[in-house]
Amino acid sequence: MRRISIVIVAIAAAILAGSALGQTKYQTYSNARFAYSIDYPADLLVPQDEAQNGDGRVFKAKRGDAELRVWGQYNALFDTLKKSYLSDLKERGSGVTYKTLLTASYVISGTKDGKIYYQKTILSGTDGDAGATFATFVIQYNKAEKATWDPVAAKISRSFKFE
């Protein structure tokens with residue numbers, strides 16, 4: 001009987017979380033300079049002014065201190081996606097809890113200073129070519145807000161692309 005109650009509570013929590021996420025209103029930020037786009041929850045994040053050089057934007061939480069940063073950059077140093085991935089892994093240090101390197105993107109996630117972060121970098125163009133472009137987003141939020149922000153980070157990640 002206790003087991004059934006736990007299952008029912010878990011299902012109800014999942015339905016409520018999905019319902020709350022479904023009610024979140026997303027808008028799209030499109031970057032003209034690097035031709036990428038990303039969806040963000042307009043009822044949770046406030047877009048700040050675009051960077052002066054036009055490479056990206058910061059979005060700050062209406063409540064709390066969650067933050068989304070997104071930017072693009074040219075591959076002026078002829079980096080490969082793998083080299084960029086390994087460099088970011090080294091910079092993130094010991095708090096990495098998830099990492100994956102794919103053909104045209106990578107993800108690194110973990111914790112640092114009481115916050116959860118999720119980073120995704122995507123590649124447009126030929127790997128290792130100076131004409132290639134990288135676009136990256138990082139979202140970070142307090143561990144206590146994991147239930148709110150984990151589904152948001154997943155939806156943002158799925159929307160992130162070159163146009």
# chains A, B, ... in the order shown; residues from 1 in each chain; ligands from 1
>>> select_by_dssp(residues="stretch 29-98 of chain A", states="strand (DSSP E)", output="count of residues only")
29
>>> residues_around(residues="stretch 143-155 of chain A", least_positions_apart="5", cutoff="7 Å", atoms="only C-alpha atoms", output="JSON, numbers by chain")
{"A": [114, 115, 116]}
>>> atom_distance(atom1="atom CA of A:Lys120", atom2="atom CA of A:Lys62")
22.8 Å
>>> atom_distance(atom1="atom CA of A:Leu101", atom2="atom CA of A:Ser87")
12.5 Å
>>> residues_around(residues="A:Thr100", least_positions_apart="2", cutoff="12 Å", atoms="only C-alpha atoms", output="list in words")
Leu81, Lys82, Tyr85, Leu86, Asp88, Leu89, Val96, Thr97, Tyr98, Leu102, Thr103, Ala104, Ser105, Tyr106, Val107, Ile108, Ser109, Tyr118, Gln119, Lys120 and Thr121 of chain A
>>> write_last_selection(atoms="N, CA and C atoms", output="PDB file, in the first residue's frame")
ATOM      1  N   LEU A  81      36.180  21.225 -32.551  1.00  0.00           N
ATOM      2  CA  LEU A  81      35.156  21.115 -31.518  1.00  0.00           C
ATOM      3  C   LEU A  81      35.715  20.359 -30.311  1.00  0.00           C
ATOM      4  N   LYS A  82      36.486  19.311 -30.579  1.00  0.00           N
ATOM      5  CA  LYS A  82      37.061  18.519 -29.489  1.00  0.00           C
ATOM      6  C   LYS A  82      38.029  19.354 -28.654  1.00  0.00           C
ATOM      7  N   TYR A  85      35.987  21.613 -26.491  1.00  0.00           N
ATOM      8  CA  TYR A  85      35.361  20.783 -25.457  1.00  0.00           C
ATOM      9  C   TYR A  85      36.352  20.478 -24.333  1.00  0.00           C
ATOM     10  N   LEU A  86      37.538  20.025 -24.692  1.00  0.00           N
ATOM     11  CA  LEU A  86      38.547  19.682 -23.677  1.00  0.00           C
ATOM     12  C   LEU A  86      38.978  20.912 -22.880  1.00  0.00           C
ATOM     13  N   ASP A  88      37.082  23.605 -22.284  1.00  0.00           N
ATOM     14  CA  ASP A  88      35.978  23.943 -21.379  1.00  0.00           C
ATOM     15  C   ASP A  88      35.896  22.957 -20.207  1.00  0.00           C
ATOM     16  N   LEU A  89      36.140  21.680 -20.473  1.00  0.00           N
ATOM     17  CA  LEU A  89      36.154  20.690 -19.387  1.00  0.00           C
ATOM     18  C   LEU A  89      37.209  21.035 -18.347  1.00  0.00           C
ATOM     19  N   VAL A  96      32.215  18.744 -12.696  1.00  0.00           N
ATOM     20  CA  VAL A  96      31.484  18.236 -13.857  1.00  0.00           C
ATOM     21  C   VAL A  96      30.793  16.924 -13.494  1.00  0.00           C
ATOM     22  N   THR A  97      29.477  16.857 -13.758  1.00  0.00           N
ATOM     23  CA  THR A  97      28.714  15.639 -13.472  1.00  0.00           C
ATOM     24  C   THR A  97      28.192  14.984 -14.743  1.00  0.00           C
ATOM     25  N   TYR A  98      28.202  15.709 -15.854  1.00  0.00           N
ATOM     26  CA  TYR A  98      27.750  15.161 -17.137  1.00  0.00           C
ATOM     27  C   TYR A  98      28.540  15.830 -18.242  1.00  0.00           C
ATOM     28  N   LEU A 102      29.597  15.360 -29.245  1.00  0.00           N
ATOM     29  CA  LEU A 102      28.957  14.813 -30.434  1.00  0.00           C
ATOM     30  C   LEU A 102      29.659  15.358 -31.685  1.00  0.00           C
ATOM     31  N   THR A 103      29.136  15.079 -32.844  1.00  0.00           N
ATOM     32  CA  THR A 103      29.758  15.509 -34.094  1.00  0.00           C
ATOM     33  C   THR A 103      29.777  17.018 -34.257  1.00  0.00           C
ATOM     34  N   ALA A 104      28.677  17.697 -33.890  1.00  0.00           N
ATOM     35  CA  ALA A 104      28.584  19.143 -34.105  1.00  0.00           C
ATOM     36  C   ALA A 104      28.205  19.914 -32.849  1.00  0.00           C
ATOM     37  N   SER A 105      28.358  19.274 -31.679  1.00  0.00           N
ATOM     38  CA  SER A 105      28.018  19.962 -30.427  1.00  0.00           C
ATOM     39  C   SER A 105      28.621  19.216 -29.245  1.00  0.00           C
ATOM     40  N   TYR A 106      28.610  19.898 -28.104  1.00  0.00           N
ATOM     41  CA  TYR A 106      28.941  19.224 -26.849  1.00  0.00           C
ATOM     42  C   TYR A 106      28.184  19.865 -25.708  1.00  0.00           C
ATOM     43  N   VAL A 107      28.043  19.084 -24.635  1.00  0.00           N
ATOM     44  CA  VAL A 107      27.347  19.539 -23.438  1.00  0.00           C
ATOM     45  C   VAL A 107      28.227  19.226 -22.241  1.00  0.00           C
ATOM     46  N   ILE A 108      28.288  20.174 -21.327  1.00  0.00           N
ATOM     47  CA  ILE A 108      28.976  19.986 -20.044  1.00  0.00           C
ATOM     48  C   ILE A 108      28.049  20.532 -18.966  1.00  0.00           C
ATOM     49  N   SER A 109      27.837  19.733 -17.935  1.00  0.00           N
ATOM     50  CA  SER A 109      26.967  20.159 -16.847  1.00  0.00           C
ATOM     51  C   SER A 109      27.599  19.751 -15.519  1.00  0.00           C
ATOM     52  N   TYR A 118      24.644  24.381 -16.855  1.00  0.00           N
ATOM     53  CA  TYR A 118      24.468  23.552 -18.035  1.00  0.00           C
ATOM     54  C   TYR A 118      24.992  24.359 -19.211  1.00  0.00           C
ATOM     55  N   GLN A 119      25.961  23.816 -19.916  1.00  0.00           N
ATOM     56  CA  GLN A 119      26.566  24.505 -21.062  1.00  0.00           C
ATOM     57  C   GLN A 119      26.398  23.649 -22.303  1.00  0.00           C
ATOM     58  N   LYS A 120      26.008  24.290 -23.392  1.00  0.00           N
ATOM     59  CA  LYS A 120      25.958  23.612 -24.682  1.00  0.00           C
ATOM     60  C   LYS A 120      26.643  24.501 -25.706  1.00  0.00           C
ATOM     61  N   THR A 121      27.532  23.898 -26.476  1.00  0.00           N
ATOM     62  CA  THR A 121      28.223  24.596 -27.555  1.00  0.00           C
ATOM     63  C   THR A 121      27.918  23.857 -28.848  1.00  0.00           C
TER      64      THR A 121
END
>>> residues_around(residues="A:Tyr29", least_positions_apart="6", cutoff="10 Å", atoms="only C-alpha atoms", output="ChimeraX atom specification")
/A:36-40,47,56-57,70,160
>>> atom_distance(atom1="atom CA of A:Tyr141", atom2="atom CA of A:Ala66")
4.3 Å
>>> residues_around(residues="A:Trp71", least_positions_apart="6", cutoff="9 Å", atoms="only C-alpha atoms", output="number ranges by chain")
A: 31, 34, 36, 51, 54-58, 134-137
>>> write_last_selection(atoms="N, CA and C atoms", output="PDB file, in the first residue's frame")
ATOM      1  N   ASN A  31      20.091  35.779 -33.035  1.00  0.00           N
ATOM      2  CA  ASN A  31      21.283  36.607 -33.138  1.00  0.00           C
ATOM      3  C   ASN A  31      21.626  36.804 -34.614  1.00  0.00           C
ATOM      4  N   PHE A  34      25.717  36.078 -35.702  1.00  0.00           N
ATOM      5  CA  PHE A  34      26.191  34.700 -35.812  1.00  0.00           C
ATOM      6  C   PHE A  34      25.110  33.724 -36.279  1.00  0.00           C
ATOM      7  N   TYR A  36      22.297  32.381 -34.980  1.00  0.00           N
ATOM      8  CA  TYR A  36      21.787  31.312 -34.128  1.00  0.00           C
ATOM      9  C   TYR A  36      20.529  31.812 -33.435  1.00  0.00           C
ATOM     10  N   ALA A  51      24.849  42.465 -26.330  1.00  0.00           N
ATOM     11  CA  ALA A  51      26.238  42.921 -26.212  1.00  0.00           C
ATOM     12  C   ALA A  51      26.533  43.941 -27.302  1.00  0.00           C
ATOM     13  N   GLY A  54      27.406  42.646 -30.575  1.00  0.00           N
ATOM     14  CA  GLY A  54      26.367  41.862 -31.229  1.00  0.00           C
ATOM     15  C   GLY A  54      26.554  40.357 -31.150  1.00  0.00           C
ATOM     16  N   ASP A  55      27.422  39.878 -30.251  1.00  0.00           N
ATOM     17  CA  ASP A  55      27.676  38.435 -30.227  1.00  0.00           C
ATOM     18  C   ASP A  55      26.670  37.646 -29.389  1.00  0.00           C
ATOM     19  N   GLY A  56      25.926  38.312 -28.504  1.00  0.00           N
ATOM     20  CA  GLY A  56      24.974  37.573 -27.695  1.00  0.00           C
ATOM     21  C   GLY A  56      24.251  38.417 -26.683  1.00  0.00           C
ATOM     22  N   ARG A  57      23.714  37.729 -25.678  1.00  0.00           N
ATOM     23  CA  ARG A  57      22.846  38.400 -24.721  1.00  0.00           C
ATOM     24  C   ARG A  57      22.838  37.645 -23.399  1.00  0.00           C
ATOM     25  N   VAL A  58      22.520  38.380 -22.336  1.00  0.00           N
ATOM     26  CA  VAL A  58      22.338  37.811 -21.003  1.00  0.00           C
ATOM     27  C   VAL A  58      20.855  37.928 -20.657  1.00  0.00           C
ATOM     28  N   PHE A 134      31.259  29.048 -33.606  1.00  0.00           N
ATOM     29  CA  PHE A 134      30.763  28.393 -32.405  1.00  0.00           C
ATOM     30  C   PHE A 134      29.673  29.275 -31.800  1.00  0.00           C
ATOM     31  N   ALA A 135      28.661  28.646 -31.242  1.00  0.00           N
ATOM     32  CA  ALA A 135      27.675  29.355 -30.422  1.00  0.00           C
ATOM     33  C   ALA A 135      27.545  28.557 -29.123  1.00  0.00           C
ATOM     34  N   THR A 136      27.448  29.280 -28.015  1.00  0.00           N
ATOM     35  CA  THR A 136      27.411  28.645 -26.697  1.00  0.00           C
ATOM     36  C   THR A 136      26.340  29.296 -25.838  1.00  0.00           C
ATOM     37  N   PHE A 137      25.668  28.464 -25.049  1.00  0.00           N
ATOM     38  CA  PHE A 137      24.838  29.031 -23.989  1.00  0.00           C
ATOM     39  C   PHE A 137      25.188  28.336 -22.684  1.00  0.00           C
TER      40      PHE A 137
END
>>> residues_around(residues="A:Leu44", least_positions_apart="3", cutoff="9 Å", atoms="only C-alpha atoms", output="PyMOL selection string")
chain A and resi 24-25+40-41+60-63
>>> select_by_dssp(residues="chain A", states="alpha helix (DSSP H)", output="MDAnalysis selection string")
chainID A and resid 2:23 81:92 146:159
>>> write_last_selection(atoms="C-alpha atoms", output="tab-separated table (two decimals), in the first residue's frame")
chain	number	residue	atom	x	y	z
A	2	ARG	CA	2.81	2.41	0.92
A	3	ARG	CA	4.51	1.61	-2.39
A	4	ILE	CA	1.37	2.47	-4.36
A	5	SER	CA	1.08	5.80	-2.49
A	6	ILE	CA	4.67	6.69	-3.37
A	7	VAL	CA	4.04	5.88	-7.05
A	8	ILE	CA	0.86	7.99	-7.08
A	9	VAL	CA	2.67	10.93	-5.47
A	10	ALA	CA	5.52	10.63	-8.00
A	11	ILE	CA	3.09	10.55	-10.94
A	12	ALA	CA	1.18	13.55	-9.58
A	13	ALA	CA	4.43	15.51	-9.14
A	14	ALA	CA	5.49	14.69	-12.71
A	15	ILE	CA	2.11	15.79	-14.07
A	16	LEU	CA	2.23	19.05	-12.11
A	17	ALA	CA	5.80	19.75	-13.24
A	18	GLY	CA	4.87	19.06	-16.86
A	19	SER	CA	1.78	21.20	-16.54
A	20	ALA	CA	3.75	24.11	-15.06
A	21	LEU	CA	6.37	23.80	-17.81
A	22	GLY	CA	3.62	23.71	-20.43
A	23	GLN	CA	2.29	27.01	-19.10
A	81	LEU	CA	35.16	21.11	-31.52
A	82	LYS	CA	37.06	18.52	-29.49
A	83	LYS	CA	39.78	21.01	-28.54
A	84	SER	CA	37.15	23.53	-27.41
A	85	TYR	CA	35.36	20.78	-25.46
A	86	LEU	CA	38.55	19.68	-23.68
A	87	SER	CA	39.43	23.30	-22.87
A	88	ASP	CA	35.98	23.94	-21.38
A	89	LEU	CA	36.15	20.69	-19.39
A	90	LYS	CA	39.48	21.74	-17.91
A	91	GLU	CA	38.11	25.18	-17.05
A	92	ARG	CA	35.03	23.68	-15.33
A	146	LYS	CA	16.56	22.46	-9.57
A	147	ALA	CA	12.91	21.38	-9.96
A	148	THR	CA	12.05	24.67	-11.66
A	149	TRP	CA	15.11	25.12	-13.86
A	150	ASP	CA	16.09	21.59	-14.96
A	151	PRO	CA	13.11	21.25	-17.35
A	152	VAL	CA	13.72	24.82	-18.58
A	153	ALA	CA	17.37	24.04	-19.31
A	154	ALA	CA	16.32	20.94	-21.25
A	155	LYS	CA	13.83	22.89	-23.39
A	156	ILE	CA	16.33	25.70	-24.02
A	157	SER	CA	18.92	23.13	-25.07
A	158	ARG	CA	16.56	21.50	-27.57
A	159	SER	CA	15.76	24.88	-29.14
